[in-house]
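**Q** Sharing structure_2.cif, mmCIF, C-alpha atoms:
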data_start
#
loop_
_atom_site.group_PDB
_atom_site.id
_atom_site.type_symbol
_atom_site.label_atom_id
_atom_site.label_comp_id
_atom_site.auth_asym_id
_atom_site.auth_seq_id
_atom_site.Cartn_x
_atom_site.Cartn_y
_atom_site.Cartn_z
ATOM 1 C CA MET A 1 -9.743 -7.906 -6.223
ATOM 2 C CA GLN A 2 -11.389 -10.095 -8.840
ATOM 3 C CA PHE A 3 -14.867 -8.591 -8.519
ATOM 4 C CA ASP A 4 -16.067 -5.070 -9.339
ATOM 5 C CA SER A 5 -19.089 -4.927 -7.057
ATOM 6 C CA LEU A 6 -20.607 -6.687 -4.057
ATOM 7 C CA ASN A 7 -23.373 -8.110 -6.243
ATOM 8 C CA GLU A 8 -20.820 -9.634 -8.592
ATOM 9 C CA PHE A 9 -18.950 -11.056 -5.616
ATOM 10 C CA LEU A 10 -22.124 -12.678 -4.259
ATOM 11 C CA ALA A 11 -23.085 -14.007 -7.689
ATOM 12 C CA MET A 12 -19.687 -15.752 -8.159
ATOM 13 C CA GLY A 13 -20.145 -15.721 -11.921
ATOM 14 C CA GLY A 14 -23.424 -17.626 -11.661
ATOM 15 C CA TYR A 15 -22.085 -20.238 -9.244
ATOM 16 C CA GLY A 16 -23.039 -18.251 -6.144
ATOM 17 C CA PHE A 17 -25.419 -20.868 -4.754
ATOM 18 C CA TYR A 18 -22.825 -23.659 -4.820
ATOM 19 C CA VAL A 19 -19.901 -21.575 -3.587
ATOM 20 C CA TRP A 20 -21.850 -20.020 -0.708
ATOM 21 C CA LEU A 21 -23.463 -23.349 0.159
ATOM 22 C CA SER A 22 -19.969 -24.831 0.547
ATOM 23 C CA PHE A 23 -18.475 -21.981 2.514
ATOM 24 C CA GLY A 24 -21.612 -21.545 4.606
ATOM 25 C CA SER A 25 -21.893 -25.176 5.647
ATOM 26 C CA CYS A 26 -18.151 -25.315 6.289
ATOM 27 C CA ALA A 27 -18.333 -22.267 8.581
ATOM 28 C CA ALA A 28 -21.396 -23.688 10.345
ATOM 29 C CA ILE A 29 -19.743 -27.063 11.029
ATOM 30 C CA LEU A 30 -16.473 -25.510 12.246
ATOM 31 C CA LEU A 31 -18.322 -23.075 14.511
ATOM 32 C CA ALA A 32 -20.686 -25.720 15.913
ATOM 33 C CA LEU A 33 -17.803 -28.039 16.804
ATOM 34 C CA PHE A 34 -15.809 -25.226 18.410
ATOM 35 C CA VAL A 35 -18.733 -23.903 20.461
ATOM 36 C CA SER A 36 -19.888 -27.336 21.619
ATOM 37 C CA SER A 37 -16.332 -28.214 22.736
ATOM 38 C CA LEU A 38 -16.143 -25.009 24.792
ATOM 39 C CA ARG A 39 -19.609 -25.670 26.209
ATOM 40 C CA ASP A 40 -18.549 -29.155 27.322
ATOM 41 C CA ALA A 41 -15.617 -27.557 29.128
ATOM 42 C CA SER A 42 -17.730 -25.148 31.170
ATOM 43 C CA LYS A 43 -20.367 -27.825 31.860
ATOM 44 C CA LEU A 44 -17.678 -30.132 33.231
ATOM 45 C CA ARG A 45 -16.330 -27.404 35.494
ATOM 46 C CA ASN A 46 -19.807 -26.691 36.852
ATOM 47 C CA GLU A 47 -20.290 -30.386 37.593
ATOM 48 C CA VAL A 48 -17.009 -30.622 39.487
ATOM 49 C CA ARG A 49 -17.890 -27.451 41.416
ATOM 50 C CA ALA A 50 -21.329 -28.823 42.345
ATOM 51 C CA GLN A 51 -19.743 -32.086 43.506
ATOM 52 C CA MET A 52 -17.249 -30.171 45.662
ATOM 53 C CA LYS A 53 -20.052 -28.137 47.276
ATOM 54 C CA ARG A 54 -22.063 -31.275 47.910
ATOM 55 C CA GLU A 55 -19.140 -32.958 49.665
ATOM 56 C CA GLU A 56 -18.646 -29.814 51.714
ATOM 57 C CA ARG A 57 -22.303 -29.905 52.853
ATOM 58 C CA ILE A 58 -22.090 -33.597 53.767
ATOM 59 C CA LYS A 59 -18.958 -32.922 55.793
ATOM 60 C CA LYS A 60 -20.665 -30.087 57.697
ATOM 61 C CA ALA A 61 -23.780 -32.178 58.388
ATOM 62 C CA LYS A 62 -21.630 -34.974 59.796
ATOM 63 C CA GLN A 63 -19.802 -32.570 62.085
ATOM 64 C CA GLN A 64 -23.113 -31.224 63.422
ATOM 65 C CA GLU A 65 -24.350 -34.755 64.086
ATOM 66 C CA GLN A 66 -21.310 -35.446 66.221
ATOM 67 C CA VAL A 67 -22.025 -32.337 68.283
ATOM 68 C CA MET B 68 14.323 -39.149 25.012
ATOM 69 C CA TRP B 69 12.036 -41.554 26.839
ATOM 70 C CA LYS B 70 12.980 -40.025 30.146
ATOM 71 C CA TRP B 71 12.062 -36.615 28.795
ATOM 72 C CA LEU B 72 8.848 -37.837 27.219
ATOM 73 C CA HIS B 73 7.567 -39.977 30.021
ATOM 74 C CA PRO B 74 6.226 -37.313 32.428
ATOM 75 C CA TYR B 75 3.658 -36.375 29.759
ATOM 76 C CA ALA B 76 1.922 -39.689 30.359
ATOM 77 C CA LYS B 77 0.813 -38.103 33.631
ATOM 78 C CA ALA B 78 -2.561 -36.439 33.232
ATOM 79 C CA GLU B 79 -1.640 -33.180 34.933
ATOM 80 C CA ARG B 80 1.465 -32.658 32.799
ATOM 81 C CA ALA B 81 -0.483 -33.458 29.631
ATOM 82 C CA TYR B 82 -3.161 -30.945 30.643
ATOM 83 C CA GLN B 83 -0.529 -28.250 31.159
ATOM 84 C CA LEU B 84 1.039 -29.075 27.804
ATOM 85 C CA CYS B 85 -2.382 -28.592 26.151
ATOM 86 C CA ASN B 86 -2.624 -25.177 27.788
ATOM 87 C CA THR B 87 0.838 -24.198 26.568
ATOM 88 C CA LEU B 88 0.229 -25.290 22.976
ATOM 89 C CA MET B 89 -3.286 -23.930 22.552
ATOM 90 C CA PRO B 90 -2.538 -20.198 22.029
ATOM 91 C CA TYR B 91 -0.105 -20.952 19.168
ATOM 92 C CA PHE B 92 -2.652 -23.089 17.351
ATOM 93 C CA ALA B 93 -5.372 -20.489 18.004
ATOM 94 C CA VAL B 94 -3.346 -17.617 16.503
ATOM 95 C CA ILE B 95 -2.353 -19.685 13.460
ATOM 96 C CA THR B 96 -5.989 -20.663 12.888
ATOM 97 C CA VAL B 97 -7.460 -17.162 13.176
ATOM 98 C CA VAL B 98 -4.797 -15.505 10.993
ATOM 99 C CA CYS B 99 -4.617 -18.178 8.290
ATOM 100 C CA LEU B 100 -8.375 -18.750 8.132
ATOM 101 C CA THR B 101 -9.063 -15.027 7.639
ATOM 102 C CA VAL B 102 -6.302 -14.533 5.073
ATOM 103 C CA GLY B 103 -7.050 -17.813 3.310
ATOM 104 C CA TRP B 104 -10.789 -17.222 2.907
ATOM 105 C CA VAL B 105 -10.513 -13.586 1.794
ATOM 106 C CA TRP B 106 -7.694 -14.424 -0.642
ATOM 107 C CA GLY B 107 -9.433 -17.508 -1.960
ATOM 108 C CA LEU B 108 -12.846 -15.911 -2.357
ATOM 109 C CA ALA B 109 -11.992 -12.420 -3.550
ATOM 110 C CA TYR B 110 -8.403 -12.157 -4.773
ATOM 111 C CA ALA B 111 -7.422 -15.449 -6.417
ATOM 112 C CA PRO B 112 -8.068 -15.371 -10.183
ATOM 113 C CA ALA B 113 -11.010 -17.302 -11.642
ATOM 114 C CA ASP B 114 -10.294 -20.666 -13.278
ATOM 115 C CA TYR B 115 -10.270 -20.589 -17.096
ATOM 116 C CA GLN B 116 -12.570 -23.630 -17.286
ATOM 117 C CA GLN B 117 -14.553 -23.776 -14.059
ATOM 118 C CA LYS B 118 -14.781 -20.002 -13.575
ATOM 119 C CA ASP B 119 -15.644 -19.015 -9.996
ATOM 120 C CA SER B 120 -17.073 -22.402 -8.963
ATOM 121 C CA TYR B 121 -13.509 -23.685 -8.483
ATOM 122 C CA ARG B 122 -13.204 -21.501 -5.347
ATOM 123 C CA ILE B 123 -14.699 -24.406 -3.423
ATOM 124 C CA ILE B 124 -11.222 -25.977 -3.733
ATOM 125 C CA PHE B 125 -10.009 -23.648 -0.964
ATOM 126 C CA ILE B 126 -12.070 -25.539 1.620
ATOM 127 C CA HIS B 127 -12.609 -28.881 -0.130
ATOM 128 C CA VAL B 128 -8.940 -29.844 -0.439
ATOM 129 C CA PRO B 129 -7.870 -28.679 3.075
ATOM 130 C CA SER B 130 -10.762 -30.517 4.753
ATOM 131 C CA ALA B 131 -10.095 -33.672 2.719
ATOM 132 C CA ILE B 132 -6.372 -33.615 3.544
ATOM 133 C CA LEU B 133 -7.079 -32.999 7.220
ATOM 134 C CA SER B 134 -9.735 -35.722 7.324
ATOM 135 C CA MET B 135 -6.965 -38.181 6.454
ATOM 136 C CA GLY B 136 -4.297 -36.417 8.503
ATOM 137 C CA ALA B 137 -6.511 -36.472 11.590
ATOM 138 C CA TYR B 138 -7.169 -40.168 11.035
ATOM 139 C CA SER B 139 -3.428 -40.900 10.870
ATOM 140 C CA SER B 140 -2.816 -39.053 14.143
ATOM 141 C CA MET B 141 -5.773 -40.829 15.727
ATOM 142 C CA ALA B 142 -4.392 -44.214 14.610
ATOM 143 C CA ILE B 143 -0.908 -43.401 15.956
ATOM 144 C CA ALA B 144 -2.447 -42.448 19.298
ATOM 145 C CA ALA B 145 -4.471 -45.673 19.214
ATOM 146 C CA ILE B 146 -1.329 -47.775 18.659
ATOM 147 C CA ILE B 147 0.409 -46.013 21.563
ATOM 148 C CA ALA B 148 -2.653 -46.594 23.744
ATOM 149 C CA LEU B 149 -2.789 -50.296 22.844
ATOM 150 C CA VAL B 150 0.934 -51.072 23.072
ATOM 151 C CA TRP B 151 2.043 -48.996 26.051
ATOM 152 C CA GLN B 152 -1.325 -48.803 27.805
ATOM 153 C CA ILE B 153 -1.156 -45.038 28.131
ATOM 154 C CA ARG B 154 -4.512 -43.600 29.156
ATOM 155 C CA ASN B 155 -3.830 -40.149 27.708
ATOM 156 C CA ALA B 156 -3.297 -41.619 24.248
ATOM 157 C CA GLU B 157 -6.707 -43.273 24.508
ATOM 158 C CA LEU B 158 -8.237 -39.926 25.466
ATOM 159 C CA ALA B 159 -6.474 -38.334 22.477
ATOM 160 C CA VAL B 160 -8.137 -40.879 20.161
ATOM 161 C CA ILE B 161 -11.553 -39.915 21.508
ATOM 162 C CA SER B 162 -10.714 -36.199 21.250
ATOM 163 C CA ILE B 163 -9.558 -36.354 17.622
ATOM 164 C CA ALA B 164 -12.441 -38.496 16.325
ATOM 165 C CA PRO B 165 -15.214 -35.821 16.306
ATOM 166 C CA VAL B 166 -12.862 -33.260 14.737
ATOM 167 C CA GLY B 167 -11.869 -35.712 12.017
ATOM 168 C CA ALA B 168 -15.509 -36.574 11.441
ATOM 169 C CA ALA B 169 -16.290 -32.869 10.983
ATOM 170 C CA MET B 170 -13.445 -32.543 8.441
ATOM 171 C CA THR B 171 -14.747 -35.561 6.538
ATOM 172 C CA ALA B 172 -18.293 -34.173 6.561
ATOM 173 C CA ILE B 173 -17.041 -30.821 5.212
ATOM 174 C CA ALA B 174 -15.060 -32.576 2.470
ATOM 175 C CA LEU B 175 -18.160 -34.563 1.447
ATOM 176 C CA ILE B 176 -20.578 -31.610 1.553
ATOM 177 C CA THR B 177 -18.284 -29.218 -0.336
ATOM 178 C CA GLY B 178 -17.529 -32.015 -2.782
ATOM 179 C CA ALA B 179 -21.236 -32.491 -3.442
ATOM 180 C CA ALA B 180 -21.765 -28.747 -3.909
ATOM 181 C CA TRP B 181 -18.863 -28.737 -6.376
ATOM 182 C CA GLY B 182 -19.936 -31.903 -8.151
ATOM 183 C CA LYS B 183 -23.438 -30.627 -8.909
ATOM 184 C CA PRO B 184 -22.405 -27.742 -11.225
ATOM 185 C CA MET B 185 -19.337 -29.535 -12.667
ATOM 186 C CA TRP B 186 -20.393 -33.181 -13.004
ATOM 187 C CA GLY B 187 -24.146 -32.619 -12.973
ATOM 188 C CA ALA B 188 -24.708 -34.768 -9.885
ATOM 189 C CA TRP B 189 -24.522 -34.167 -6.132
ATOM 190 C CA TRP B 190 -23.266 -37.678 -5.552
ATOM 191 C CA VAL B 191 -21.881 -40.571 -7.597
ATOM 192 C CA TRP B 192 -20.700 -43.934 -6.267
ATOM 193 C CA ASP B 193 -17.183 -43.244 -7.377
ATOM 194 C CA ALA B 194 -14.185 -44.904 -5.647
ATOM 195 C CA ARG B 195 -12.860 -41.669 -4.106
ATOM 196 C CA LEU B 196 -16.253 -40.513 -2.828
ATOM 197 C CA THR B 197 -17.225 -43.927 -1.480
ATOM 198 C CA SER B 198 -13.936 -44.479 0.368
ATOM 199 C CA GLU B 199 -14.212 -41.010 1.900
ATOM 200 C CA LEU B 200 -17.760 -41.836 3.039
ATOM 201 C CA ILE B 201 -16.388 -45.008 4.662
ATOM 202 C CA LEU B 202 -13.867 -42.798 6.480
ATOM 203 C CA LEU B 203 -16.779 -40.827 7.971
ATOM 204 C CA PHE B 204 -18.381 -44.097 9.128
ATOM 205 C CA LEU B 205 -15.060 -45.195 10.660
ATOM 206 C CA TYR B 206 -14.873 -41.990 12.697
ATOM 207 C CA LEU B 207 -18.493 -42.391 13.814
ATOM 208 C CA GLY B 208 -17.827 -46.069 14.540
ATOM 209 C CA VAL B 209 -14.861 -45.259 16.805
ATOM 210 C CA LEU B 210 -16.979 -42.706 18.690
ATOM 211 C CA SER B 211 -20.080 -44.847 19.103
ATOM 212 C CA LEU B 212 -18.015 -47.898 20.080
ATOM 213 C CA TYR B 213 -16.383 -45.849 22.841
ATOM 214 C CA HIS B 214 -19.719 -44.599 24.122
ATOM 215 C CA ALA B 215 -21.404 -48.012 23.864
ATOM 216 C CA PHE B 216 -19.395 -49.502 26.751
ATOM 217 C CA GLU B 217 -20.126 -48.697 30.374
ATOM 218 C CA ASP B 218 -16.621 -49.774 31.399
ATOM 219 C CA LYS B 219 -14.312 -47.131 29.921
ATOM 220 C CA LYS B 220 -11.308 -49.450 29.941
ATOM 221 C CA SER B 221 -12.779 -51.930 27.481
ATOM 222 C CA ALA B 222 -14.446 -49.025 25.643
ATOM 223 C CA GLY B 223 -11.070 -47.405 25.009
ATOM 224 C CA ARG B 224 -9.529 -50.681 23.896
ATOM 225 C CA ALA B 225 -12.332 -51.467 21.437
ATOM 226 C CA ALA B 226 -12.298 -47.946 19.962
ATOM 227 C CA CYS B 227 -8.492 -48.074 19.549
ATOM 228 C CA ILE B 228 -8.583 -51.436 17.774
ATOM 229 C CA LEU B 229 -11.196 -50.157 15.308
ATOM 230 C CA ALA B 230 -9.130 -46.989 14.736
ATOM 231 C CA VAL B 231 -6.020 -49.068 13.927
ATOM 232 C CA VAL B 232 -7.857 -51.500 11.653
ATOM 233 C CA GLY B 233 -9.442 -48.580 9.776
ATOM 234 C CA VAL B 234 -6.020 -47.324 8.647
ATOM 235 C CA ILE B 235 -6.369 -49.694 5.664
ATOM 236 C CA ASN B 236 -8.855 -47.157 4.277
ATOM 237 C CA LEU B 237 -6.274 -44.331 4.036
ATOM 238 C CA PRO B 238 -4.193 -45.716 1.118
ATOM 239 C CA ILE B 239 -7.446 -46.733 -0.562
ATOM 240 C CA ILE B 240 -8.670 -43.117 -0.429
ATOM 241 C CA HIS B 241 -5.348 -41.718 -1.572
ATOM 242 C CA PHE B 242 -4.780 -44.075 -4.501
ATOM 243 C CA SER B 243 -8.437 -44.512 -5.475
ATOM 244 C CA VAL B 244 -8.040 -41.944 -8.266
ATOM 245 C CA GLU B 245 -5.170 -43.987 -9.736
ATOM 246 C CA TRP B 246 -6.376 -47.543 -9.152
ATOM 247 C CA TRP B 247 -9.824 -47.091 -10.586
ATOM 248 C CA ASN B 248 -11.287 -45.077 -13.399
ATOM 249 C CA THR B 249 -12.952 -42.380 -11.373
ATOM 250 C CA LEU B 250 -14.863 -39.238 -12.061
ATOM 251 C CA HIS B 251 -12.847 -37.523 -9.364
ATOM 252 C CA GLN B 252 -9.738 -35.814 -10.687
ATOM 253 C CA GLY B 253 -6.218 -36.869 -9.761
ATOM 254 C CA ALA B 254 -3.816 -35.296 -7.310
ATOM 255 C CA THR B 255 -3.146 -31.582 -7.740
ATOM 256 C CA ILE B 256 -0.430 -30.553 -5.304
ATOM 257 C CA THR B 257 0.958 -33.827 -3.947
ATOM 258 C CA LYS B 258 2.546 -34.834 -7.228
ATOM 259 C CA PHE B 259 6.286 -35.130 -6.872
ATOM 260 C CA ASP B 260 7.165 -33.331 -10.081
ATOM 261 C CA THR B 261 5.867 -29.843 -10.782
ATOM 262 C CA SER B 262 2.577 -28.914 -9.215
ATOM 263 C CA ALA B 263 -0.477 -28.839 -11.486
ATOM 264 C CA ILE B 264 -1.758 -25.590 -10.003
ATOM 265 C CA ASP B 265 -0.627 -22.007 -10.605
ATOM 266 C CA SER B 266 1.063 -20.227 -7.705
ATOM 267 C CA SER B 267 -1.680 -17.543 -7.625
ATOM 268 C CA MET B 268 -4.052 -20.327 -6.543
ATOM 269 C CA LEU B 269 -1.524 -22.524 -4.736
ATOM 270 C CA TRP B 270 -0.642 -19.958 -2.074
ATOM 271 C CA PRO B 271 -4.172 -19.326 -0.779
ATOM 272 C CA LEU B 272 -4.725 -23.099 -0.885
ATOM 273 C CA LEU B 273 -1.638 -23.779 1.242
ATOM 274 C CA ILE B 274 -2.656 -21.068 3.716
ATOM 275 C CA ASN B 275 -6.094 -22.656 4.017
ATOM 276 C CA ILE B 276 -4.519 -26.077 4.615
ATOM 277 C CA ILE B 277 -2.474 -24.569 7.476
ATOM 278 C CA ALA B 278 -5.636 -22.884 8.810
ATOM 279 C CA PHE B 279 -7.577 -26.151 8.845
ATOM 280 C CA ALA B 280 -4.650 -27.948 10.483
ATOM 281 C CA GLY B 281 -4.595 -25.227 13.144
ATOM 282 C CA PHE B 282 -8.314 -25.628 13.706
ATOM 283 C CA VAL B 283 -7.981 -29.389 14.120
ATOM 284 C CA GLY B 284 -5.207 -28.673 16.642
ATOM 285 C CA VAL B 285 -7.167 -26.149 18.697
ATOM 286 C CA VAL B 286 -10.383 -28.137 18.944
ATOM 287 C CA THR B 287 -8.540 -31.402 19.631
ATOM 288 C CA LEU B 288 -6.677 -29.704 22.486
ATOM 289 C CA ILE B 289 -9.914 -28.288 23.965
ATOM 290 C CA ARG B 290 -11.544 -31.716 23.771
ATOM 291 C CA LEU B 291 -8.477 -33.497 25.143
ATOM 292 C CA LYS B 292 -8.474 -31.130 28.121
ATOM 293 C CA ASN B 293 -12.159 -31.966 28.679
ATOM 294 C CA GLU B 294 -11.473 -35.702 28.513
ATOM 295 C CA ILE B 295 -8.554 -35.453 30.943
ATOM 296 C CA LEU B 296 -10.653 -33.454 33.432
ATOM 297 C CA GLN B 297 -13.556 -35.873 33.087
ATOM 298 C CA CYS B 298 -11.233 -38.801 33.754
ATOM 299 C CA GLU B 299 -9.443 -37.193 36.708
ATOM 300 C CA ARG B 300 -12.399 -35.352 38.211
ATOM 301 C CA HIS B 301 -11.938 -36.848 41.659
ATOM 302 C CA ARG B 302 -8.233 -36.021 41.861
ATOM 303 C CA PRO B 303 -7.055 -33.137 44.049
ATOM 304 C CA TRP B 304 -5.267 -31.307 41.202
ATOM 305 C CA VAL B 305 -8.516 -31.015 39.226
ATOM 306 C CA ARG B 306 -10.372 -29.701 42.259
ATOM 307 C CA GLU B 307 -7.637 -27.171 42.914
ATOM 308 C CA LEU B 308 -7.768 -26.106 39.260
ATOM 309 C CA VAL B 309 -11.549 -25.728 39.221
ATOM 310 C CA GLY B 310 -11.471 -24.020 42.614
ATOM 311 C CA ARG B 311 -9.067 -21.426 41.210
ATOM 312 C CA GLY B 312 -11.658 -20.721 38.518
ATOM 313 C CA GLU B 313 -9.535 -21.976 35.621
#
Mind turning the file's structure into structure tokens?

**A**
Amino acid sequence: MQFDSLNEFLAMGGYGFYVWLSFGSCAAILLALFVSSLRDASKLRNEVRAQMKREERIKKAKQQEQV
Amino acid sequence: MWKWLHPYAKAERAYQLCNTLMPYFAVITVVCLTVGWVWGLAYAPADYQQKDSYRIIFIHVPSAILSMGAYSSMAIAAIIALVWQIRNAELAVISIAPVGAAMTAIALITGAAWGKPMWGAWWVWDARLTSELILLFLYLGVLSLYHAFEDKKSAGRAACILAVVGVINLPIIHFSVEWWNTLHQGATITKFDTSAIDSSMLWPLLINIIAFAGFVGVVTLIRLKNEILQCERHRPWVRELVGRGE
């Protein structure tokens, strides 16, 4: 361990602002990309599911018309 | 080899391959990112000149390398898509582009935050910085070109052509520090003779490079799966898959 205390670790020898700005923005960008990719995946699945249900309803309505 | 490779041009096989590969990339990313950041931030020794500010190297260099690595993979996929007319390769181009753009943005932001205390300026119009900024615009160009067309066939073709043409920027970025007198320092670890970095700093750096590569892999695979599903949404195999709750 290069630092003796948490305060020293956060200060980064006086460069704390720049180091934490870099690591913070990096973490934010990585996380945002990851989460939005996962969100797209579940949104897509919901859309396909809704489409399937819709087709099911249309099919049923057509069958009732024939009767 | 072609016979073995060819089934992966089918969307369903490619989707399954993504599923098989993803856990490996995910484990590599989580392990290496944790180890790399803790080692780089807390355990690697401080630089004798730049003190603790140099720790930015542990994300700046990996993101910069991956911004170019992702572009190379995107360009290879684009060539495959253009020459052999393989739809999955086109989808791969569109899946890699946002990830590469994120890597480029991280490289630029961390570079600015490192440049301010060391050079005294957030930004200078130096050859390395400018060519890296152009790389970001190339990524954004590929993406916006793809989304500008209603017809996805011509959209894919246009995006692929731009991706291939943009490869000219890669050697410019790499050699910019040698061709021009730049403020940006020269290569640190890719020199063919002995490395210019001590092993106590090299190891965490290498681990972080692997971590970033793993991240690019994971997110590209997630996005590629999305693109394949989007493209094949009316096919029975997708409906079966979604119906199963996968």

**Q** Choose the residue, out of A:Ser22, A:Asn46, A:Asn7, A:Gln51, that has the smallest atom-to-atom separation from chain B; count all atoms listed in the file.

**A**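 That would be A:Ser22, the residue with the smallest distance to chain B.
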
**Q** With the file shown as input, list the residues that the PyMOL selection byres ((chain A) within 7 of (chain B)) selects, as a PDB file with C-alpha atoms, in the frame of the given file.

**A**
ATOM      1  CA  MET A   1      -9.743  -7.906  -6.223  1.00  0.00           C
ATOM      2  CA  GLN A   2     -11.389 -10.095  -8.840  1.00  0.00           C
ATOM      3  CA  PHE A   3     -14.867  -8.591  -8.519  1.00  0.00           C
ATOM      4  CA  MET A  12     -19.687 -15.752  -8.159  1.00  0.00           C
ATOM      5  CA  GLY A  13     -20.145 -15.721 -11.921  1.00  0.00           C
ATOM      6  CA  TYR A  15     -22.085 -20.238  -9.244  1.00  0.00           C
ATOM      7  CA  TYR A  18     -22.825 -23.659  -4.820  1.00  0.00           C
ATOM      8  CA  VAL A  19     -19.901 -21.575  -3.587  1.00  0.00           C
ATOM      9  CA  LEU A  21     -23.463 -23.349   0.159  1.00  0.00           C
ATOM     10  CA  SER A  22     -19.969 -24.831   0.547  1.00  0.00           C
ATOM     11  CA  CYS A  26     -18.151 -25.315   6.289  1.00  0.00           C
ATOM     12  CA  ILE A  29     -19.743 -27.063  11.029  1.00  0.00           C
ATOM     13  CA  PHE A  34     -15.809 -25.226  18.410  1.00  0.00           C
ATOM     14  CA  SER A  37     -16.332 -28.214  22.736  1.00  0.00           C
ATOM     15  CA  ALA A  41     -15.617 -27.557  29.128  1.00  0.00           C
ATOM     16  CA  ARG A  45     -16.330 -27.404  35.494  1.00  0.00           C
ATOM     17  CA  VAL A  48     -17.009 -30.622  39.487  1.00  0.00           C
ATOM     18  CA  ARG A  49     -17.890 -27.451  41.416  1.00  0.00           C
TER      19      ARG A  49
END

**Q** Quick one: residues within 12 Å of (-7.7, -14.4, 8.8) (file frame), counting only C-alpha atoms, please, as a ChimeraX atom specification.

**A** /B:93-107,271,274-275,277-279

**Q** Enter the distance from CA of Asp114 (chain B) to CA of Leu10 (chain A), in Å, rounded to one decimal.

**A**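 Interatomic distance, CA of Asp114 (chain B) to CA of Leu10 (chain A): 16.9 Å.
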
**Q** Just the number, please: distance in Å from CA of Ala76 (chain B) to CA of Val231 (chain B), one decimal.

**A**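 The value is 20.5 Å.
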
**Q** With the file shown as input, list the residues that the PyMOL selection byres ((chain B and resi 206) around 12) selects, as a PyMOL selection string.

**A** chain B and resi 134-135+137-139+141-142+160-172+199-205+207-213+226-227+229-234+236

**Q** Starting from 8 Å padding per side, set up an axis-aligned box that covers all listed atoms of region 101-105 of chain B and hand over centre and edge lengths in Å, one decimal, as AutoDock Vina command-line options.

**A**
--center_x -8.5 --center_y -15.7 --center_z 4.7 --size_x 20.5 --size_y 20.2 --size_z 21.8

**Q** What's the separation between CA of Ala32 (chain A) and CA of Ser140 (chain B), in Å to one decimal place?

**A**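 Rounded to one decimal, the two atoms are 22.4 Å apart.
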
**Q** I'd like to see the residues matched by the PyMOL selection byres ((chain B and resi 244) around 12) on this file, and ideally I'd get them as a list in words.

**A**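 Output from the PyMOL selection byres ((chain B and resi 244) around 12), applied to this file: Asp193, Ala194, Arg195, Leu196, Thr197, Ser198, Glu199, Pro238, Ile239, Ile240, His241, Phe242, Ser243, Glu245, Trp246, Trp247, Asn248, Thr249, Leu250, His251, Gln252, Gly253, Ala254 and Thr255 of chain B.
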